[in-house]
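Shown next, in structure tokens, is the structure this report addresses.
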Amino acid sequence: DSSAPVGQQVGYQITGIDPGAGLMRATERVIEEYELEGWRVQTGSGPAMTAALTRAYNNNEPIIVTGWTPHWKFSKFDLKYLDDPKGIYGAEEYVHTIARLGLQEDLPNAYTVLDRFAWTSDDMGAVMIMVEDGLDPVAAANAWIDENAETVASWIEGVDAVDGDKISLAYVAWDSEIASTNVVAEVLRSVGYDVTLRQVEPGPMWAGVADGSADAIVGAWLPTTHADYYAEFEGRFEDLGVNMEGTRIGLVVPAYMDIDSIEDLK
Ligand code: PBE
């Protein structure tokens with residue numbers, strides 16, 4: 001019944017992702033600060049969220065998901081962010097590369113590549129779309145690398161090739177991080193590294209780079225999304241700075257839904 005209050009239409013439920021995601025923590029705060037009594041965020045995963053969104057969208061049904069940009073869902077579906085007048089989801093958000101302490105000394109060439117790695121949200125979006133369209137992430141990464149030879153050359157310029165030195169990158173299976181991590185892994189492989197990708201949960205991703213069991217991560221969303229993890233482990237990692245700008249997190253709904261703001265959920 002599309003004339004019923006939106007809460008009733010969606011069972012007072014926001015379709016979330018994995019529990020340790022910054023987006024989930026922020027959404028719990030949204031429920032509190034906007035006093036959305038009776039609402040809950042359903043935990044799940046990135047793929048489960050996009051599956052639910054696809055199902056609802058194809059049936060023209062209401063749904064509210066925890067969403068982020070860049071993400072292929074915005075090119076496949078007509079979606080909108082709900083306004084967040086309290087600013088709980090933060091304003092300008094960036095993606096940083098984080099290295100374990102001592103990486104520069106131990107793997108200087110990889111460190112240089114990681115330190116230089118920077119691309120645009122359109123670049124990341126292009127890789128995400130290829131993966132969503134069925135290409136495996138390694139193939140999609142290489143297709144992007146082939147099309148962006150100049151950019152990639154600027155990351156590896158003057159970097160000495162190595163002979164199978166081992167390096168591990170930790171990441172969470174978010175579509176955005178599958179894209180970035182595979183691109184960086186393929187570039188490191190192209191200069192001779194033996195790269196292991198470790199897919200983990202968000203907490204272990206940060207703990208790993210802090211305790212040195214992972215060499216680096218390229219999916220640290222700051223200053224808001226991963227603020228808790230950053231603070232928890234500060235001093236036990238090296239922040240190599242921004243690798244991408246133009247991101248956003250928030251509540252996302254199909255454009256056909258008749259609401260515009262988180263306040264409309266009350
Ligand atoms: N995300 C994608 C992550 C960071 C990257 C927005 C789902 C998070 O919420 O922690």
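Chain labels follow the order of the structure tokens: the first chain is A, the next B, and so on; residue numbering restarts at 1 in every chain, and ligands are counted from 1 in their shown order.
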Please check which protein, DNA or RNA residues sit within 8 Å of ligand 1, counting only C-alpha atoms and all ligand atoms, and write them as a PyMOL selection string. chain A and resi 17+20-24+46+67-69+174-177+202+219-221+225-226+248-249
Dump of C-alpha atoms for the selected residues, as a PDB file, in the first residue's frame:
ATOM      1  CA  ILE A  17      25.500  -4.754   4.828  1.00  0.00           C
ATOM      2  CA  GLY A  20      31.689  -4.061  10.879  1.00  0.00           C
ATOM      3  CA  ALA A  21      31.133  -1.607   8.013  1.00  0.00           C
ATOM      4  CA  GLY A  22      31.411   2.052   8.918  1.00  0.00           C
ATOM      5  CA  LEU A  23      28.170   2.547   7.062  1.00  0.00           C
ATOM      6  CA  MET A  24      26.412   0.213   9.506  1.00  0.00           C
ATOM      7  CA  GLY A  46      27.195  -6.074   0.079  1.00  0.00           C
ATOM      8  CA  GLY A  67      24.442   2.696   0.085  1.00  0.00           C
ATOM      9  CA  TRP A  68      27.655   4.275  -1.065  1.00  0.00           C
ATOM     10  CA  THR A  69      29.251   5.995  -4.044  1.00  0.00           C
ATOM     11  CA  TRP A 174      32.650  -4.536  -0.974  1.00  0.00           C
ATOM     12  CA  ASP A 175      32.294  -3.972  -4.723  1.00  0.00           C
ATOM     13  CA  SER A 176      34.322  -0.765  -4.469  1.00  0.00           C
ATOM     14  CA  GLU A 177      37.216  -2.441  -2.642  1.00  0.00           C
ATOM     15  CA  PRO A 202      36.333  -4.701   8.320  1.00  0.00           C
ATOM     16  CA  GLY A 219      40.006   0.855   1.137  1.00  0.00           C
ATOM     17  CA  ALA A 220      40.191   3.042   4.227  1.00  0.00           C
ATOM     18  CA  TRP A 221      37.206   5.412   4.071  1.00  0.00           C
ATOM     19  CA  THR A 225      33.253   5.938   7.727  1.00  0.00           C
ATOM     20  CA  HIS A 226      36.239   4.256   9.384  1.00  0.00           C
ATOM     21  CA  ARG A 248      29.595   9.334  -0.266  1.00  0.00           C
ATOM     22  CA  ILE A 249      27.655   7.084   2.118  1.00  0.00           C
TER      23      ILE A 249
END
What residues in region 70-244 of chain A get the DSSP label strand (DSSP E)? Please answer as an MDAnalysis selection string. chainID A and resid 79:81 93:100 166:171 194:199 216:222 237:244
Find the residues of region 36-139 of chain A that sit at most 12 Å from region 206-210 of chain A; for each, write down the nearest two atoms and how far apart they are in Å, to one decimal. Count only C-alpha atoms. Sort by chain, then by number going up, and give it as CSV.
residue,atom,partner,partner_atom,distance
A:Thr97,CA,A:Val209,CA,10.7
A:Ile98,CA,A:Val209,CA,7.5
A:Ala99,CA,A:Val209,CA,6.5
A:Arg100,CA,A:Val209,CA,5.0
A:Leu101,CA,A:Ala210,CA,7.6
A:Gly102,CA,A:Ala210,CA,10.9
A:Leu103,CA,A:Val209,CA,10.3
Could you tell me how far CA of Pro137 (chain A) sits from CA of Ala185 (chain A), in Å to one decimal place?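 If I compute the distance from CA of Ala185 (chain A) to CA of Pro137 (chain A), I get 10.7 Å.
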What gap, in Å, lies between CA of Val41 (chain A) and CA of Glu28 (chain A)?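 Result for CA of Val41 (chain A) versus CA of Glu28 (chain A): 7.2 Å, one decimal.
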Alpha helix (DSSP H) call set, DSSP backbone run, region 94-134 of chain A, as JSON, numbers by chain: {"A": [103, 104, 105, 106, 108, 109, 110, 111, 112, 113, 114, 115, 116, 121, 122, 123, 124, 125, 126, 127, 128, 129, 130, 131, 132]}
Please compute the CA of Ser261 (chain A)-CA of Lys76 (chain A) distance, one decimal, in Å.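 Rounded to one decimal, the two atoms are 22.3 Å apart.
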Do a neighbour search on Arg189 (chain A) at 10 Å with only C-alpha atoms, toss out local chain neighbours closer than 4 positions, and write the hits as a list in words.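 Near neighbours after the sequence-gap exclusion: Ala110, Ala161, Val162, Asp163, Gly164, Asp165, Lys166, Ile167, Val183, Val184, Ala185, Tyr193, Asp194, Val195 and Thr196 of chain A.
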Please produce an output containing C-alpha atoms for each residue in the selection, written as a CSV table (one decimal), in the first residue's frame.
chain,number,residue,atom,x,y,z
A,110,ALA,CA,55.8,-1.7,-3.4
A,161,ALA,CA,61.2,-4.6,-10.8
A,162,VAL,CA,61.4,-7.3,-8.0
A,163,ASP,CA,61.6,-11.0,-8.2
A,164,GLY,CA,58.6,-12.5,-6.5
A,165,ASP,CA,58.8,-10.6,-3.2
A,166,LYS,CA,55.7,-11.4,-1.2
A,167,ILE,CA,53.2,-8.8,-0.3
A,183,VAL,CA,43.8,-3.0,-9.7
A,184,VAL,CA,46.6,-2.3,-7.2
A,185,ALA,CA,47.4,-6.1,-7.0
A,193,TYR,CA,55.5,-8.9,-6.7
A,194,ASP,CA,53.9,-12.1,-5.5
A,195,VAL,CA,50.6,-10.6,-4.2
A,196,THR,CA,48.2,-12.3,-1.9
Taking only C-alpha atoms into account, name the residue in A:Ala56, A:Ile156, A:Ala231, A:Leu265 that is nearest to Asn109 (chain A).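 Answer, going by the shortest atom-to-atom distance: A:Ile156.
Counting only C-alpha atoms and comparing A:Leu36, A:Ile14, A:Ile88, A:Ala26, the residue that lies closest to Glu263 (chain A) is A:Leu36.
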